[in-house]
Amino acid sequence: MSEPVGMIITILVNIALFGLANYFAIKHSVQNVKKRIAAGIIFLLCTPAVFFITLYIGALWDDSGWGAGIVTVIASGLYILNGLGMLLSSIHIHFSKT
């Protein structure tokens, strides 16, 4: 597989996974702050799995490893920031209600 096609497939898989995870996390925790806190923690705990899956998929198309590493770090960073944002916003909502 050529490098541009592999990179596009890897990025599309990450976008789809990120979008679906956010959709289900927000859908199931709209009215319940404790569920949103749990969703943020689950996002943070799933980040290593996303890191290694993205690295493996990227290593299939990238021979040198630099492109796969950069895409992996960016995708994992987005998952970490999303989990922290969800967790911190839900903690803020929880403490401002009480």
# chains A, B, ... in the order shown; residues from 1 in each chain; ligands from 1

call {"tool": "residues_around", "arguments": {"residues": "Ala21 in chain A", "least_positions_apart": "5", "cutoff": "9 Å", "atoms": "only C-alpha atoms", "output": "mmCIF file with C-alpha atoms, in the first residue's frame"}}
result
data_model
loop_
_atom_site.group_PDB
_atom_site.id
_atom_site.type_symbol
_atom_site.label_atom_id
_atom_site.label_comp_id
_atom_site.auth_asym_id
_atom_site.auth_seq_id
_atom_site.Cartn_x
_atom_site.Cartn_y
_atom_site.Cartn_z
ATOM 1 C CA ALA A 16 -14.559 7.539 12.820
ATOM 2 C CA ILE A 26 -22.367 12.185 25.246
ATOM 3 C CA PHE A 43 -11.661 7.855 27.533
#

call {"tool": "residues_around", "arguments": {"residues": "Asn14 in chain A", "least_positions_apart": "5", "cutoff": "9 Å", "atoms": "only C-alpha atoms", "output": "VMD selection string"}}
result
chain A and resid 9 19 50 54 75

call {"tool": "write_last_selection", "arguments": {"atoms": "C-alpha atoms", "output": "mmCIF file, in the first residue's frame"}}
result
data_model
loop_
_atom_site.group_PDB
_atom_site.id
_atom_site.type_symbol
_atom_site.label_atom_id
_atom_site.label_comp_id
_atom_site.auth_asym_id
_atom_site.auth_seq_id
_atom_site.Cartn_x
_atom_site.Cartn_y
_atom_site.Cartn_z
ATOM 1 C CA ILE A 9 -7.059 5.297 5.828
ATOM 2 C CA GLY A 19 -16.595 10.501 16.506
ATOM 3 C CA VAL A 50 -5.851 3.844 20.701
ATOM 4 C CA THR A 54 -2.933 3.494 15.549
ATOM 5 C CA ALA A 75 -4.399 10.901 17.659
#

call {"tool": "closest_residue", "arguments": {"among": "A:Ile91, A:Met86, A:Ile11, A:Ile37", "to": "Gly58 in chain A", "atoms": "only C-alpha atoms"}}
result
A:Ile11

call {"tool": "residues_around", "arguments": {"residues": "Ile8 in chain A", "least_positions_apart": "6", "cutoff": "12 Å", "atoms": "only C-alpha atoms", "output": "PyMOL selection string"}}
result
chain A and resi 1-2+14-15+57-58+61+67-68+71

call {"tool": "write_last_selection", "arguments": {"atoms": "N, CA and C atoms", "output": "PDB file, in the first residue's frame"}}
result
ATOM      1  N   MET A   1       0.842  -1.165   0.000  1.00  0.00           N
ATOM      2  CA  MET A   1       0.000   0.000   0.000  1.00  0.00           C
ATOM      3  C   MET A   1       0.894   1.236   0.000  1.00  0.00           C
ATOM      4  N   SER A   2       0.509   2.227  -0.772  1.00  0.00           N
ATOM      5  CA  SER A   2       1.315   3.437  -0.826  1.00  0.00           C
ATOM      6  C   SER A   2       1.124   4.259   0.452  1.00  0.00           C
ATOM      7  N   ASN A  14      -9.274   6.802  12.596  1.00  0.00           N
ATOM      8  CA  ASN A  14      -9.205   7.536  13.854  1.00  0.00           C
ATOM      9  C   ASN A  14     -10.347   8.529  13.995  1.00  0.00           C
ATOM     10  N   ILE A  15     -10.694   9.217  12.930  1.00  0.00           N
ATOM     11  CA  ILE A  15     -11.807  10.170  12.983  1.00  0.00           C
ATOM     12  C   ILE A  15     -13.111   9.442  13.262  1.00  0.00           C
ATOM     13  N   ILE A  57      -1.506   0.096  12.876  1.00  0.00           N
ATOM     14  CA  ILE A  57      -2.059   0.374  11.551  1.00  0.00           C
ATOM     15  C   ILE A  57      -1.100   1.255  10.755  1.00  0.00           C
ATOM     16  N   GLY A  58      -0.509   2.239  11.415  1.00  0.00           N
ATOM     17  CA  GLY A  58       0.436   3.114  10.724  1.00  0.00           C
ATOM     18  C   GLY A  58       1.705   2.402  10.321  1.00  0.00           C
ATOM     19  N   TRP A  61       1.832   0.712   6.722  1.00  0.00           N
ATOM     20  CA  TRP A  61       2.086   1.468   5.494  1.00  0.00           C
ATOM     21  C   TRP A  61       3.358   2.295   5.528  1.00  0.00           C
ATOM     22  N   GLY A  67       6.171   8.704  10.055  1.00  0.00           N
ATOM     23  CA  GLY A  67       4.788   9.112   9.787  1.00  0.00           C
ATOM     24  C   GLY A  67       3.806   8.427  10.726  1.00  0.00           C
ATOM     25  N   ALA A  68       4.030   7.139  10.955  1.00  0.00           N
ATOM     26  CA  ALA A  68       3.158   6.400  11.867  1.00  0.00           C
ATOM     27  C   ALA A  68       3.262   6.950  13.279  1.00  0.00           C
ATOM     28  N   VAL A  71       1.412  10.462  13.455  1.00  0.00           N
ATOM     29  CA  VAL A  71      -0.044  10.284  13.441  1.00  0.00           C
ATOM     30  C   VAL A  71      -0.514   9.671  14.758  1.00  0.00           C
TER      31      VAL A  71
END

call {"tool": "residues_around", "arguments": {"residues": "Thr47 in chain A", "least_positions_apart": "4", "cutoff": "9 Å", "atoms": "only C-alpha atoms", "output": "VMD selection string"}}
result
chain A and resid 42 to 43 51 to 52 76 to 77 79 to 80 83

call {"tool": "atom_distance", "arguments": {"atom1": "CA of Val5 in chain A", "atom2": "CA of Ala59 in chain A"}}
result
13.0 Å

call {"tool": "closest_residue", "arguments": {"among": "A:Leu81, A:Ile93, A:Val33, A:Leu60", "to": "Phe18 in chain A", "atoms": "only C-alpha atoms"}}
result
A:Leu81

call {"tool": "closest_residue", "arguments": {"among": "A:Leu84, A:Leu45, A:Met7, A:Ser29", "to": "Gly69 in chain A", "atoms": "only C-alpha atoms"}}
result
A:Met7

call {"tool": "atom_distance", "arguments": {"atom1": "CA of Ile74 in chain A", "atom2": "CA of Pro48 in chain A"}}
result
12.8 Å

call {"tool": "residues_around", "arguments": {"residues": "Lys34 in chain A", "least_positions_apart": "4", "cutoff": "10 Å", "atoms": "only C-alpha atoms", "output": "ChimeraX atom specification"}}
result
/A:29,38-40,87,90-91,94

call {"tool": "atom_distance", "arguments": {"atom1": "CA of Ile70 in chain A", "atom2": "CA of Leu44 in chain A"}}
result
19.6 Å

call {"tool": "closest_residue", "arguments": {"among": "A:Arg36, A:Asp63, A:Glu3, A:Cys46", "to": "Ser89 in chain A", "atoms": "only C-alpha atoms"}}
result
A:Arg36

call {"tool": "decode", "arguments": {"residues": "range 3-96 of chain A", "atoms": "C-alpha atoms", "output": "CSV table (one decimal), in the first residue's frame"}}
result
chain,number,residue,atom,x,y,z
A,3,GLU,CA,2.1,5.9,2.0
A,4,PRO,CA,-0.6,8.5,1.2
A,5,VAL,CA,-3.3,5.9,0.9
A,6,GLY,CA,-2.3,4.3,4.2
A,7,MET,CA,-2.2,7.7,6.0
A,8,ILE,CA,-5.6,8.6,4.7
A,9,ILE,CA,-7.1,5.3,5.8
A,10,THR,CA,-5.4,5.6,9.3
A,11,ILE,CA,-6.7,9.2,9.7
A,12,LEU,CA,-10.2,8.2,8.6
A,13,VAL,CA,-10.3,5.3,11.0
A,14,ASN,CA,-9.2,7.5,13.9
A,15,ILE,CA,-11.8,10.2,13.0
A,16,ALA,CA,-14.6,7.5,12.8
A,17,LEU,CA,-13.5,6.0,16.1
A,18,PHE,CA,-13.2,9.4,17.8
A,19,GLY,CA,-16.6,10.5,16.5
A,20,LEU,CA,-18.4,7.3,17.5
A,21,ALA,CA,-16.8,7.3,21.0
A,22,ASN,CA,-17.8,10.9,21.6
A,23,TYR,CA,-21.3,10.4,20.2
A,24,PHE,CA,-22.0,7.4,22.6
A,25,ALA,CA,-20.3,9.0,25.5
A,26,ILE,CA,-22.4,12.2,25.2
A,27,LYS,CA,-25.6,10.3,24.3
A,28,HIS,CA,-25.5,8.1,27.4
A,29,SER,CA,-24.5,10.8,29.8
A,30,VAL,CA,-26.5,13.9,28.9
A,31,GLN,CA,-28.5,14.3,32.1
A,32,ASN,CA,-26.2,12.4,34.5
A,33,VAL,CA,-23.0,14.0,35.7
A,34,LYS,CA,-21.6,10.8,37.3
A,35,LYS,CA,-22.0,9.0,34.0
A,36,ARG,CA,-20.1,11.8,32.3
A,37,ILE,CA,-17.3,11.6,34.8
A,38,ALA,CA,-17.2,7.8,34.1
A,39,ALA,CA,-17.1,8.5,30.4
A,40,GLY,CA,-14.1,10.8,30.8
A,41,ILE,CA,-12.3,8.2,32.9
A,42,ILE,CA,-13.0,5.6,30.2
A,43,PHE,CA,-11.7,7.9,27.5
A,44,LEU,CA,-8.5,8.3,29.5
A,45,LEU,CA,-8.2,4.5,30.1
A,46,CYS,CA,-8.7,3.7,26.4
A,47,THR,CA,-6.0,6.1,25.2
A,48,PRO,CA,-3.2,3.4,25.4
A,49,ALA,CA,-5.3,1.1,23.3
A,50,VAL,CA,-5.9,3.8,20.7
A,51,PHE,CA,-2.1,4.6,20.8
A,52,PHE,CA,-1.1,1.0,20.0
A,53,ILE,CA,-3.8,0.3,17.5
A,54,THR,CA,-2.9,3.5,15.5
A,55,LEU,CA,0.8,2.7,15.7
A,56,TYR,CA,0.2,-0.8,14.4
A,57,ILE,CA,-2.1,0.4,11.6
A,58,GLY,CA,0.4,3.1,10.7
A,59,ALA,CA,3.4,0.7,10.8
A,60,LEU,CA,1.7,-1.3,8.0
A,61,TRP,CA,2.1,1.5,5.5
A,62,ASP,CA,5.1,3.4,6.8
A,63,ASP,CA,8.5,1.7,6.4
A,64,SER,CA,10.6,4.2,8.4
A,65,GLY,CA,8.1,4.7,11.2
A,66,TRP,CA,8.2,8.5,11.4
A,67,GLY,CA,4.8,9.1,9.8
A,68,ALA,CA,3.2,6.4,11.9
A,69,GLY,CA,4.7,7.8,15.0
A,70,ILE,CA,3.5,11.4,14.3
A,71,VAL,CA,0.0,10.3,13.4
A,72,THR,CA,-0.1,8.1,16.6
A,73,VAL,CA,1.0,10.9,18.9
A,74,ILE,CA,-1.5,13.3,17.4
A,75,ALA,CA,-4.4,10.9,17.7
A,76,SER,CA,-3.5,9.9,21.2
A,77,GLY,CA,-3.1,13.5,22.2
A,78,LEU,CA,-6.6,14.3,21.0
A,79,TYR,CA,-8.0,11.4,23.0
A,80,ILE,CA,-6.2,12.5,26.1
A,81,LEU,CA,-7.4,16.1,25.7
A,82,ASN,CA,-11.0,14.9,25.0
A,83,GLY,CA,-11.0,12.7,28.1
A,84,LEU,CA,-9.6,15.4,30.3
A,85,GLY,CA,-12.0,18.0,28.9
A,86,MET,CA,-15.0,15.7,29.5
A,87,LEU,CA,-13.7,14.8,33.0
A,88,LEU,CA,-12.9,18.4,34.1
A,89,SER,CA,-16.1,19.9,32.7
A,90,SER,CA,-18.2,17.2,34.4
A,91,ILE,CA,-16.4,17.7,37.7
A,92,HIS,CA,-17.0,21.5,37.4
A,93,ILE,CA,-20.7,20.9,36.7
A,94,HIS,CA,-20.9,18.5,39.6
A,95,PHE,CA,-19.4,20.9,42.1
A,96,SER,CA,-21.2,23.9,40.9
